[in-house]
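A.B. asks: See target_17.pdb below, with PDB, C-alpha atoms and all ligand atoms.
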```
ATOM      1  CA  MET W   1      63.493 113.563 134.388
ATOM      2  CA  GLY W   2      60.591 115.198 132.559
ATOM      3  CA  TRP W   3      60.074 118.414 130.665
ATOM      4  CA  SER W   4      60.575 121.474 132.841
ATOM      5  CA  LEU W   5      59.348 125.019 132.317
ATOM      6  CA  ARG W   6      62.174 126.533 134.374
ATOM      7  CA  THR W   7      64.079 129.193 132.455
ATOM      8  CA  ILE W   8      67.656 128.420 131.699
ATOM      9  CA  VAL W   9      70.052 131.308 132.243
ATOM     10  CA  ASP W  10      72.000 132.921 129.393
ATOM     11  CA  LEU W  11      75.086 131.178 128.120
ATOM     12  CA  SER W  12      78.088 133.218 129.297
ATOM     13  CA  ASP W  13      80.936 134.060 126.897
ATOM     14  CA  SER W  14      83.226 131.563 128.609
ATOM     15  CA  GLU W  15      80.567 128.832 128.435
ATOM     16  CA  PHE W  16      80.037 129.633 124.761
ATOM     17  CA  GLU W  17      83.780 129.266 124.239
ATOM     18  CA  GLN W  18      83.815 125.920 126.028
ATOM     19  CA  TRP W  19      80.946 124.522 123.928
ATOM     20  CA  SER W  20      82.374 125.960 120.677
ATOM     21  CA  LYS W  21      85.702 124.324 121.420
ATOM     22  CA  LEU W  22      84.006 120.961 121.921
ATOM     23  CA  LEU W  23      82.032 121.274 118.682
ATOM     24  CA  GLU W  24      85.109 122.252 116.738
ATOM     25  CA  GLU W  25      87.332 119.549 118.204
ATOM     26  CA  ARG W  26      84.797 116.806 117.633
ATOM     27  CA  ALA W  27      83.012 117.835 114.432
ATOM     28  CA  GLY W  28      85.153 120.600 112.908
ATOM     29  CA  ILE W  29      82.209 122.997 113.124
ATOM     30  CA  GLN W  30      83.365 126.510 113.913
ATOM     31  CA  LEU W  31      80.755 128.760 115.503
ATOM     32  CA  THR W  32      80.934 132.546 115.383
ATOM     33  CA  LEU W  33      79.851 134.725 118.305
ATOM     34  CA  GLY W  34      76.796 135.587 116.172
ATOM     35  CA  GLN W  35      75.650 131.956 116.505
ATOM     36  CA  LYS W  36      75.674 132.110 120.294
ATOM     37  CA  SER W  37      71.906 132.520 120.584
ATOM     38  CA  LEU W  38      71.359 129.585 118.218
ATOM     39  CA  LEU W  39      73.628 127.382 120.319
ATOM     40  CA  GLN W  40      72.010 128.605 123.520
ATOM     41  CA  SER W  41      68.518 127.806 122.297
ATOM     42  CA  GLN W  42      69.492 124.298 121.128
ATOM     43  CA  LEU W  43      71.314 123.567 124.386
ATOM     44  CA  SER W  44      68.529 124.867 126.560
ATOM     45  CA  ILE W  45      65.821 122.934 124.691
ATOM     46  CA  ARG W  46      67.776 119.722 125.212
ATOM     47  CA  MET W  47      68.592 120.583 128.840
ATOM     48  CA  ARG W  48      64.909 121.205 129.565
ATOM     49  CA  GLU W  49      64.045 117.830 128.047
ATOM     50  CA  LEU W  50      66.500 116.216 130.458
ATOM     51  CA  GLY W  51      65.741 118.446 133.436
ATOM     52  CA  TYR W  52      69.176 120.086 133.581
ATOM     53  CA  GLU W  53      69.528 123.692 134.786
ATOM     54  CA  HIS W  54      73.240 124.374 134.422
ATOM     55  CA  TYR W  55      75.255 124.264 131.224
ATOM     56  CA  SER W  56      78.199 122.863 133.204
ATOM     57  CA  ASP W  57      76.181 119.804 134.334
ATOM     58  CA  TYR W  58      74.999 119.148 130.811
ATOM     59  CA  TYR W  59      78.588 119.593 129.552
ATOM     60  CA  SER W  60      79.736 116.923 132.021
ATOM     61  CA  LEU W  61      77.037 114.590 130.730
ATOM     62  CA  VAL W  62      78.025 115.119 127.076
ATOM     63  CA  THR W  63      81.714 114.578 127.734
ATOM     64  CA  ASP W  64      81.438 111.577 130.038
ATOM     65  CA  GLY W  65      81.650 107.919 128.989
ATOM     66  CA  LEU W  66      79.194 105.913 126.905
ATOM     67  CA  GLN W  67      76.142 107.936 127.906
ATOM     68  CA  GLY W  68      78.089 111.042 126.898
ATOM     69  CA  ARG W  69      78.674 109.578 123.446
ATOM     70  CA  LEU W  70      74.963 108.924 122.997
ATOM     71  CA  GLU W  71      74.102 112.396 124.216
ATOM     72  CA  TRP W  72      76.713 113.916 121.891
ATOM     73  CA  SER W  73      75.047 112.313 118.871
ATOM     74  CA  ILE W  74      71.724 113.886 119.896
ATOM     75  CA  LEU W  75      73.311 117.283 120.406
ATOM     76  CA  ILE W  76      75.218 117.302 117.110
ATOM     77  CA  ASP W  77      71.958 116.443 115.325
ATOM     78  CA  ARG W  78      70.458 119.601 116.709
ATOM     79  CA  VAL W  79      73.381 121.926 116.210
ATOM     80  CA  ALA W  80      74.580 120.955 112.713
ATOM     81  CA  VAL W  81      73.185 123.035 109.850
ATOM     82  CA  LYS W  82      71.423 120.543 107.589
ATOM     83  CA  GLU W  83      70.065 122.898 104.941
ATOM     84  CA  THR W  84      70.033 121.262 101.517
ATOM     85  CA  SER W  85      67.949 120.867  98.362
ATOM     86  CA  PHE W  86      67.769 118.809  95.188
ATOM     87  CA  PHE W  87      70.254 120.056  92.586
ATOM     88  CA  ARG W  88      71.359 122.762  94.994
ATOM     89  CA  HIS W  89      74.054 123.993  92.641
ATOM     90  CA  ARG W  90      72.766 122.726  89.288
ATOM     91  CA  GLN W  91      76.010 123.444  87.388
ATOM     92  CA  SER W  92      77.983 121.093  89.646
ATOM     93  CA  PHE W  93      75.564 118.237  88.984
ATOM     94  CA  GLU W  94      75.621 118.964  85.253
ATOM     95  CA  TYR W  95      79.406 118.739  85.366
ATOM     96  CA  VAL W  96      79.153 115.247  86.856
ATOM     97  CA  ARG W  97      76.794 114.345  83.979
ATOM     98  CA  HIS W  98      79.270 115.682  81.439
ATOM     99  CA  TYR W  99      82.146 113.853  83.173
ATOM    100  CA  LEU W 100      80.358 110.487  83.141
ATOM    101  CA  GLN W 101      79.054 110.903  79.604
ATOM    102  CA  ASP W 102      82.605 111.555  78.429
ATOM    103  CA  LYS W 103      83.812 108.405  80.174
ATOM    104  CA  ILE W 104      81.027 106.349  78.597
ATOM    105  CA  ASN W 105      81.603 107.821  75.115
ATOM    106  CA  ASN W 106      85.354 107.211  75.315
ATOM    107  CA  ARG W 107      84.825 103.677  76.637
ATOM    108  CA  GLN W 108      86.768 104.507  79.796
ATOM    109  CA  LEU W 109      84.209 102.990  82.118
ATOM    110  CA  ASN W 110      85.552  99.531  82.806
ATOM    111  CA  ASP W 111      84.326  99.188  86.345
ATOM    112  CA  SER W 112      81.541 100.363  88.624
ATOM    113  CA  PHE W 113      81.118 104.161  88.759
ATOM    114  CA  ASP W 114      81.612 104.976  92.446
ATOM    115  CA  VAL W 115      80.562 108.224  94.052
ATOM    116  CA  TRP W 116      80.918 109.623  97.565
ATOM    117  CA  SER W 117      78.576 112.331  98.831
ATOM    118  CA  VAL W 118      80.234 113.832 101.908
ATOM    119  CA  GLY W 119      77.902 115.703 104.282
ATOM    120  CA  CYS W 120      74.822 114.361 102.474
ATOM    121  CA  SER W 121      72.287 115.697 105.004
ATOM    122  CA  THR W 122      68.721 114.477 104.299
ATOM    123  CA  GLY W 123      69.639 112.879 100.971
ATOM    124  CA  GLU W 124      68.705 115.439  98.325
ATOM    125  CA  GLU W 125      72.331 115.669  97.138
ATOM    126  CA  PRO W 126      72.988 111.925  96.619
ATOM    127  CA  TYR W 127      69.553 111.413  95.048
ATOM    128  CA  SER W 128      70.268 114.263  92.608
ATOM    129  CA  LEU W 129      73.575 112.580  91.760
ATOM    130  CA  ALA W 130      71.771 109.266  91.254
ATOM    131  CA  MET W 131      69.331 110.914  88.811
ATOM    132  CA  VAL W 132      72.140 112.384  86.730
ATOM    133  CA  ILE W 133      74.102 109.114  86.720
ATOM    134  CA  ASN W 134      71.059 106.986  85.896
ATOM    135  CA  ASP W 135      70.255 109.371  82.998
ATOM    136  CA  CYS W 136      73.730 108.758  81.543
ATOM    137  CA  PHE W 137      73.494 104.978  81.747
ATOM    138  CA  GLU W 138      69.989 104.990  80.256
ATOM    139  CA  LEU W 139      70.982 107.287  77.424
ATOM    140  CA  ALA W 140      73.876 104.976  76.546
ATOM    141  CA  GLN W 141      71.558 101.938  76.941
ATOM    142  CA  LEU W 142      73.946 100.429  79.477
ATOM    143  CA  GLU W 143      73.187  98.525  82.658
ATOM    144  CA  PRO W 144      73.377 101.100  85.494
ATOM    145  CA  TYR W 145      76.554  99.933  87.178
ATOM    146  CA  TYR W 146      77.137 102.509  89.898
ATOM    147  CA  GLY W 147      77.011 103.045  93.660
ATOM    148  CA  ILE W 148      76.805 106.129  95.853
ATOM    149  CA  THR W 149      78.121 106.148  99.395
ATOM    150  CA  SER W 150      76.709 108.999 101.459
ATOM    151  CA  LEU W 151      78.140 110.169 104.745
ATOM    152  CA  ASP W 152      76.802 112.425 107.472
ATOM    153  CA  ILE W 153      77.369 113.057 111.162
ATOM    154  CA  SER W 154      73.652 113.544 111.841
ATOM    155  CA  SER W 155      71.627 110.376 112.479
ATOM    156  CA  THR W 156      68.266 112.098 112.103
ATOM    157  CA  ALA W 157      69.295 113.540 108.728
ATOM    158  CA  LEU W 158      70.390 110.064 107.625
ATOM    159  CA  ALA W 159      67.139 108.463 108.800
ATOM    160  CA  LYS W 160      65.208 110.933 106.645
ATOM    161  CA  ALA W 161      67.580 110.335 103.733
ATOM    162  CA  ARG W 162      67.085 106.562 103.920
ATOM    163  CA  LEU W 163      63.322 107.038 103.812
ATOM    164  CA  GLY W 164      63.645 109.011 100.572
ATOM    165  CA  ARG W 165      60.335 110.833 101.043
ATOM    166  CA  TYR W 166      60.008 114.546 100.421
ATOM    167  CA  LEU W 167      57.453 117.334 100.557
ATOM    168  CA  PRO W 168      56.067 118.600  97.225
ATOM    169  CA  ARG W 169      57.996 121.864  97.855
ATOM    170  CA  ALA W 170      61.317 119.995  97.766
ATOM    171  CA  ILE W 171      60.505 118.378  94.426
ATOM    172  CA  GLU W 172      60.131 121.820  92.802
ATOM    173  CA  GLN W 173      63.917 121.976  92.434
ATOM    174  CA  MET W 174      63.748 119.135  89.879
ATOM    175  CA  THR W 175      62.716 119.560  86.262
ATOM    176  CA  THR W 176      59.246 118.203  85.450
ATOM    177  CA  GLU W 177      60.931 115.344  83.612
ATOM    178  CA  GLU W 178      63.165 114.448  86.600
ATOM    179  CA  ALA W 179      60.201 114.501  88.955
ATOM    180  CA  ARG W 180      58.131 112.350  86.579
ATOM    181  CA  ARG W 181      60.849 109.736  86.093
ATOM    182  CA  TYR W 182      62.340 109.567  89.562
ATOM    183  CA  CYS W 183      59.545 110.265  92.074
ATOM    184  CA  THR W 184      56.235 108.637  92.877
ATOM    185  CA  LEU W 185      53.338 110.413  94.535
ATOM    186  CA  CYS W 186      52.417 108.863  97.907
ATOM    187  CA  ASN W 187      48.942 108.726  99.489
ATOM    188  CA  ASP W 188      49.887 111.485 101.947
ATOM    189  CA  GLY W 189      50.753 113.909  99.121
ATOM    190  CA  ASN W 190      54.519 113.580  99.573
ATOM    191  CA  TYR W 191      56.888 112.159  96.981
ATOM    192  CA  GLU W 192      59.077 109.103  97.216
ATOM    193  CA  ILE W 193      62.283 108.578  95.281
ATOM    194  CA  VAL W 194      61.949 105.499  93.061
ATOM    195  CA  ARG W 195      63.447 102.281  94.337
ATOM    196  CA  LYS W 196      65.953 101.855  91.501
ATOM    197  CA  LEU W 197      67.736 105.003  92.751
ATOM    198  CA  ARG W 198      67.307 104.263  96.461
ATOM    199  CA  ASP W 199      68.884 100.836  95.988
ATOM    200  CA  ARG W 200      72.060 102.441  94.657
ATOM    201  CA  ILE W 201      72.745 104.595  97.706
ATOM    202  CA  CYS W 202      74.284 103.515 100.981
ATOM    203  CA  PHE W 203      73.804 106.052 103.783
ATOM    204  CA  THR W 204      76.445 105.821 106.486
ATOM    205  CA  HIS W 205      76.955 107.599 109.759
ATOM    206  CA  GLY W 206      80.412 109.052 110.212
ATOM    207  CA  ASN W 207      82.582 112.030 110.908
ATOM    208  CA  ILE W 208      84.726 113.435 108.128
ATOM    209  CA  LEU W 209      87.294 114.414 110.759
ATOM    210  CA  GLN W 210      87.855 110.708 111.342
ATOM    211  CA  VAL W 211      88.326 109.948 107.678
ATOM    212  CA  SER W 212      90.956 107.278 108.432
ATOM    213  CA  GLU W 213      88.194 105.213 110.107
ATOM    214  CA  ILE W 214      86.096 105.251 106.928
ATOM    215  CA  PRO W 215      86.818 102.307 104.558
ATOM    216  CA  ASN W 216      88.988 103.421 101.670
ATOM    217  CA  VAL W 217      87.109 102.569  98.486
ATOM    218  CA  PRO W 218      88.607 104.382  95.470
ATOM    219  CA  MET W 219      86.019 106.799  94.056
ATOM    220  CA  ASP W 220      85.285 108.210  90.606
ATOM    221  CA  VAL W 221      83.603 111.261  92.115
ATOM    222  CA  VAL W 222      83.805 112.821  95.566
ATOM    223  CA  PHE W 223      81.086 115.440  95.998
ATOM    224  CA  CYS W 224      81.501 117.673  99.042
ATOM    225  CA  GLN W 225      79.479 120.878  99.076
ATOM    226  CA  ASN W 226      78.432 123.251 101.842
ATOM    227  CA  LEU W 227      80.307 121.385 104.551
ATOM    228  CA  LEU W 228      83.864 122.720 104.443
ATOM    229  CA  VAL W 229      82.481 126.224 104.780
ATOM    230  CA  TYR W 230      81.867 125.521 108.498
ATOM    231  CA  PHE W 231      85.499 124.528 109.076
ATOM    232  CA  ARG W 232      88.685 126.513 109.645
ATOM    233  CA  ARG W 233      90.852 127.063 106.569
ATOM    234  CA  TRP W 234      93.661 124.726 107.642
ATOM    235  CA  LEU W 235      91.103 121.994 108.358
ATOM    236  CA  ARG W 236      89.461 122.471 104.958
ATOM    237  CA  ARG W 237      92.861 121.903 103.333
ATOM    238  CA  ASP W 238      93.564 118.786 105.434
ATOM    239  CA  ILE W 239      90.175 117.304 104.566
ATOM    240  CA  LEU W 240      90.573 118.096 100.869
ATOM    241  CA  ASN W 241      93.964 116.349 100.897
ATOM    242  CA  SER W 242      92.328 113.237 102.368
ATOM    243  CA  LEU W 243      89.425 113.391  99.906
ATOM    244  CA  ALA W 244      91.866 113.721  96.992
ATOM    245  CA  GLY W 245      93.586 110.572  98.246
ATOM    246  CA  ARG W 246      90.276 108.692  97.975
ATOM    247  CA  LEU W 247      89.942 109.276  94.220
ATOM    248  CA  LYS W 248      90.747 106.832  91.423
ATOM    249  CA  PRO W 249      93.302 108.212  88.933
ATOM    250  CA  GLY W 250      91.339 110.654  86.740
ATOM    251  CA  GLY W 251      88.695 110.957  89.503
ATOM    252  CA  LEU W 252      86.689 114.124  90.091
ATOM    253  CA  LEU W 253      86.402 116.157  93.303
ATOM    254  CA  VAL W 254      83.550 118.676  93.416
ATOM    255  CA  VAL W 255      83.323 121.276  96.198
ATOM    256  CA  GLY W 256      81.073 124.289  96.684
ATOM    257  CA  LEU W 257      82.011 127.327  94.588
ATOM    258  CA  GLY W 258      84.257 129.611  96.669
ATOM    259  CA  GLU W 259      84.353 127.236  99.634
ATOM    260  CA  VAL W 260      88.099 126.811  99.351
ATOM    261  CA  MET W 261      90.319 129.604  98.144
ATOM    262  CA  ASP W 262      93.922 128.567  98.374
ATOM    263  CA  TRP W 263      94.110 124.813  98.109
ATOM    264  CA  GLU W 264      96.686 123.220  95.875
ATOM    265  CA  HIS W 265      97.620 119.578  95.566
ATOM    266  CA  PRO W 266     100.351 118.073  93.369
ATOM    267  CA  GLU W 267      97.939 115.507  91.890
ATOM    268  CA  MET W 268      94.851 117.697  91.539
ATOM    269  CA  LYS W 269      94.157 119.999  88.603
ATOM    270  CA  ARG W 270      91.343 122.558  88.807
ATOM    271  CA  VAL W 271      88.681 122.181  86.112
ATOM    272  CA  ALA W 272      88.710 125.224  83.816
ATOM    273  CA  ASP W 273      85.136 126.355  84.386
ATOM    274  CA  ASP W 274      84.501 129.292  86.691
ATOM    275  CA  LYS W 275      80.854 128.313  87.318
ATOM    276  CA  ILE W 276      81.958 125.323  89.366
ATOM    277  CA  GLN W 277      84.813 124.408  91.673
ATOM    278  CA  ALA W 278      86.081 120.972  90.764
ATOM    279  CA  TYR W 279      89.393 119.177  90.476
ATOM    280  CA  ILE W 280      90.596 116.158  88.487
ATOM    281  CA  ARG W 281      93.152 113.780  89.896
ATOM    282  CA  VAL W 282      96.039 113.608  87.460
ATOM    283  CA  GLU W 283      98.869 111.107  87.492
ATOM    284  CA  GLN W 284     102.100 112.610  88.768
ATOM    285  CA  LYS W 285     104.844 112.607  86.148
ATOM    286  CA  GLN W 286     107.922 110.522  87.049
ATOM    287  CA  GLN W 287     111.019 112.742  87.552
TER     288      GLN W 287
HETATM  289  C1  LIG A 301      74.639 122.411 105.115
HETATM  290  S1  LIG A 301      74.533 120.679 104.984
HETATM  291  C2  LIG A 301      74.994 120.458 103.282
HETATM  292  C3  LIG A 301      74.254 119.325 102.635
HETATM  293  C4  LIG A 301      74.601 119.060 101.159
HETATM  294  N1  LIG A 301      75.985 118.658 101.017
HETATM  295  C5  LIG A 301      74.319 120.269 100.320
HETATM  296  O1  LIG A 301      75.244 120.894  99.799
HETATM  297  O2  LIG A 301      73.145 120.599 100.152
HETATM  298  C6  LIG A 301      75.994 120.133 105.866
HETATM  299  C7  LIG A 301      75.914 118.691 106.332
HETATM  300  O3  LIG A 301      77.182 118.291 106.834
HETATM  301  C8  LIG A 301      77.007 117.502 107.990
HETATM  302  N2  LIG A 301      78.238 117.547 108.808
HETATM  303  C9  LIG A 301      78.675 118.555 109.620
HETATM  304  N3  LIG A 301      79.834 118.226 110.205
HETATM  305  C10 LIG A 301      80.164 116.993 109.735
HETATM  306  C11 LIG A 301      81.251 116.118 109.977
HETATM  307  N4  LIG A 301      82.246 116.460 110.797
HETATM  308  N5  LIG A 301      81.268 114.917 109.346
HETATM  309  C12 LIG A 301      80.250 114.554 108.511
HETATM  310  N6  LIG A 301      79.188 115.344 108.251
HETATM  311  C13 LIG A 301      79.140 116.550 108.849
HETATM  312  C14 LIG A 301      75.792 118.111 108.684
HETATM  313  O4  LIG A 301      75.154 117.204 109.548
HETATM  314  C15 LIG A 301      74.927 118.505 107.472
HETATM  315  O5  LIG A 301      73.997 117.507 107.155
END
```
Would it be possible to restate this file's structure as structure tokens?

C.D. replies:
Amino acid sequence: MGWSLRTIVDLSDSEFEQWSKLLEERAGIQLTLGQKSLLQSQLSIRMRELGYEHYSDYYSLVTDGLQGRLEWSILIDRVAVKETSFFRHRQSFEYVRHYLQDKINNRQLNDSFDVWSVGCSTGEEPYSLAMVINDCFELAQLEPYYGITSLDISSTALAKARLGRYLPRAIEQMTTEEARRYCTLCNDGNYEIVRKLRDRICFTHGNILQVSEIPNVPMDVVFCQNLLVYFRRWLRRDILNSLAGRLKPGGLLVVGLGEVMDWEHPEMKRVADDKIQAYIRVEQKQQ
């Protein structure tokens, strides 16, 4: 079916509820009534592409069998908010630098330094982490022995992340020194992240709601910003509990400032710095 110019009728409140429920059940994303027009426009664009007129028919397609699974991945790409930038919250990245430098200085780095960027979008977050980590290894004149696993539910965001090419506007968030050392100017005027950083990052498609399906590799740092904010409070707590369980002893969990208000975990101690929201995994004392 080709592109159609037929107008698609407004999404009713009950249809909005049905679609919101699906998005929340499958991806955790909670939509407010204020986002109804955004959902409607994304649904109707996709329905026009496929030649569908009724939300109910498109809903049946999305929720039915293998084709439904493929269609769902296209829809979630369009609905998920993928806004990001390099060093989006600079203080959080600087804390990771400080954390790694401390480990290096105290000779506590006996193994690979493993990082997980959860909800990595188009890659700016994991590349920023790679810059900070590479800086630390270079400063200490050590072989850069680290790896960053990056997870997102959006395949198009991941495809862009893997490419590692960005508009000049995006690079403005880096210092001149970071841009000089870690980006190369391409013929088309865009910038490419240098290979030595790209080689350290593995971009994987996945859903944080299905965390048990994601291989459990103990991490030094789990970085999860601007993702939990779209989830209900109880779900944020459940996810944080699982993320805490993925850390090595002494590992660091960094979330967005103010994204979680009332989370406590017997093995996690909040870092005493009110400019960031981070937790260290402490060993539980034997009774
Ligand atoms: C607003 S972006 C934040 C990007 C980056 N972490 C930052 O702080 O700049 C949120 C990302 O989370 C992804 N996402 C949403 N729901 C997800 C889920 N259930 N599992 C994995 N990723 C998800 C979206 O596709 C999007 O790329």

A.B. asks: Please report as a tab-separated table every residue of chain W lying within 10 Å of ligand LIG 301 (chain A), along with the nearest atom pair and their distance in Å (one decimal), using only C-alpha atoms and all ligand atoms.

C.D. replies:
```
residue	atom	partner	partner_atom	distance
W:Leu23	CA	A:LIG301	N4	9.2
W:Glu24	CA	A:LIG301	N4	8.8
W:Glu25	CA	A:LIG301	N4	9.5
W:Arg26	CA	A:LIG301	N4	7.3
W:Ala27	CA	A:LIG301	N4	4.0
W:Gly28	CA	A:LIG301	N4	5.5
W:Ile29	CA	A:LIG301	N3	6.1
W:Gln30	CA	A:LIG301	N3	9.7
W:Ile76	CA	A:LIG301	O4	7.6
W:Asp77	CA	A:LIG301	O4	6.6
W:Arg78	CA	A:LIG301	O4	8.9
W:Val79	CA	A:LIG301	O4	8.4
W:Ala80	CA	A:LIG301	O4	4.9
W:Val81	CA	A:LIG301	C1	5.0
W:Lys82	CA	A:LIG301	O5	4.0
W:Glu83	CA	A:LIG301	C1	4.6
W:Thr84	CA	A:LIG301	O2	3.5
W:Ser85	CA	A:LIG301	O2	5.5
W:Phe86	CA	A:LIG301	O2	7.5
W:Phe87	CA	A:LIG301	O2	8.1
W:Arg88	CA	A:LIG301	O2	5.9
W:His89	CA	A:LIG301	O1	7.9
W:Ser117	CA	A:LIG301	N1	7.2
W:Val118	CA	A:LIG301	N1	6.5
W:Gly119	CA	A:LIG301	O3	3.7
W:Cys120	CA	A:LIG301	N1	4.7
W:Ser121	CA	A:LIG301	O5	3.3
W:Thr122	CA	A:LIG301	O5	6.7
W:Gly123	CA	A:LIG301	C4	7.9
W:Glu124	CA	A:LIG301	O2	7.0
W:Glu125	CA	A:LIG301	C4	5.7
W:Pro126	CA	A:LIG301	N1	8.6
W:Ser150	CA	A:LIG301	N6	9.6
W:Leu151	CA	A:LIG301	C12	6.2
W:Asp152	CA	A:LIG301	N6	3.8
W:Ile153	CA	A:LIG301	N6	4.1
W:Ser154	CA	A:LIG301	O4	4.6
W:Ser155	CA	A:LIG301	O4	8.2
W:Thr156	CA	A:LIG301	O4	8.9
W:Ala157	CA	A:LIG301	O5	6.3
W:Leu158	CA	A:LIG301	O5	8.3
W:Thr204	CA	A:LIG301	C12	9.7
W:His205	CA	A:LIG301	C12	7.8
W:Gly206	CA	A:LIG301	C12	5.8
W:Asn207	CA	A:LIG301	N5	3.5
W:Ile208	CA	A:LIG301	N5	4.0
W:Leu209	CA	A:LIG301	N4	5.4
W:Gln210	CA	A:LIG301	N4	8.1
W:Val211	CA	A:LIG301	N5	8.8
W:Phe223	CA	A:LIG301	N1	7.8
W:Cys224	CA	A:LIG301	N1	5.9
W:Gln225	CA	A:LIG301	O1	4.3
W:Asn226	CA	A:LIG301	O1	4.5
W:Leu227	CA	A:LIG301	C6	4.7
W:Leu228	CA	A:LIG301	N3	8.3
W:Val229	CA	A:LIG301	C1	8.7
W:Tyr230	CA	A:LIG301	C9	7.7
W:Phe231	CA	A:LIG301	N3	8.5
W:Val255	CA	A:LIG301	O1	8.9
W:Gly256	CA	A:LIG301	O1	7.4
```

A.B. asks: Please provide the set of residues having any atom within 12 Å of W:Tyr146, restricted to all atoms listed in the file, with same-chain residues fewer than 4 positions apart removed, written as a PyMOL selection string.

C.D. replies: chain W and resi 100+109-116+129-137+142+196-202+219-221

A.B. asks: Expand the PyMOL selection byres (((chain W and resi 259-265) around 12) and not hetatm) into the individual residues it matches in the shown file, reporting them as a PyMOL selection string.

C.D. replies: chain W and resi 224-245+253-258+266-270+276-284

A.B. asks: If you count all atoms listed in the file, which residues fall within 10 Å of W:Glu15, apart from same-chain ones fewer than 3 positions away, as a list in words?

C.D. replies: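 Contacts, in chain order: Asp10, Leu11, Ser12, Gln18, Trp19, Ser20, Lys21, Gln40, Tyr55, Ser56 and Tyr59 of chain W.
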
A.B. asks: Just the number, please: distance in Å from atom CA of W:Pro249 to atom CA of W:Gln141, one decimal.

C.D. replies: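 Between these atoms lies a distance of 25.6 Å.
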
A.B. asks: Just the number, please: distance in Å from atom CA of W:Ser128 to atom CA of W:Tyr166, one decimal.

C.D. replies: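 Pair atom CA of W:Ser128 / atom CA of W:Tyr166 returns 12.9 Å.
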
A.B. asks: Taking all atoms listed in the file into account, which of W:Ala179, W:Val194, W:Leu247, W:Val9 comes nearest W:Tyr52?

C.D. replies: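 For W:Tyr52, the nearest of the given residues is W:Val9.
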
A.B. asks: In terms of the shortest atom-to-atom distance over all atoms listed in the file, which of W:Leu38, W:Ile104, W:Glu213, W:Glu138 is closest to W:Arg181?

C.D. replies: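 Of W:Leu38, W:Ile104, W:Glu213, W:Glu138, the one nearest W:Arg181, counting all atoms listed in the file, is W:Glu138.
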
A.B. asks: Set the distance at 7 Å and use all atoms listed in the file: which residues neighbour W:Val62 once local chain neighbours fewer than 4 positions away are removed? I'd like the list as a ChimeraX atom specification.

C.D. replies: /W:58,68-69,71-72

A.B. asks: Do you have the atom CA of W:Asn190-atom CA of W:Arg90 distance handy?

C.D. replies: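 Calculated distance between atom CA of W:Asn190 and atom CA of W:Arg90 is 22.9 Å.
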
A.B. asks: Which of these residues is nearest to W:Ile45, using all atoms listed in the file: W:Asn187, W:Thr149, W:Leu252, W:Leu75?

C.D. replies: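 Ranking W:Asn187, W:Thr149, W:Leu252, W:Leu75 by distance to W:Ile45, first place goes to W:Leu75.
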
A.B. asks: Could you tell me which residues the PyMOL selection byres (((chain W and resi 192) around 7) and not hetatm) grabs in this file, written as a ChimeraX atom specification?

C.D. replies: /W:164-166,183-186,190-191,193-194
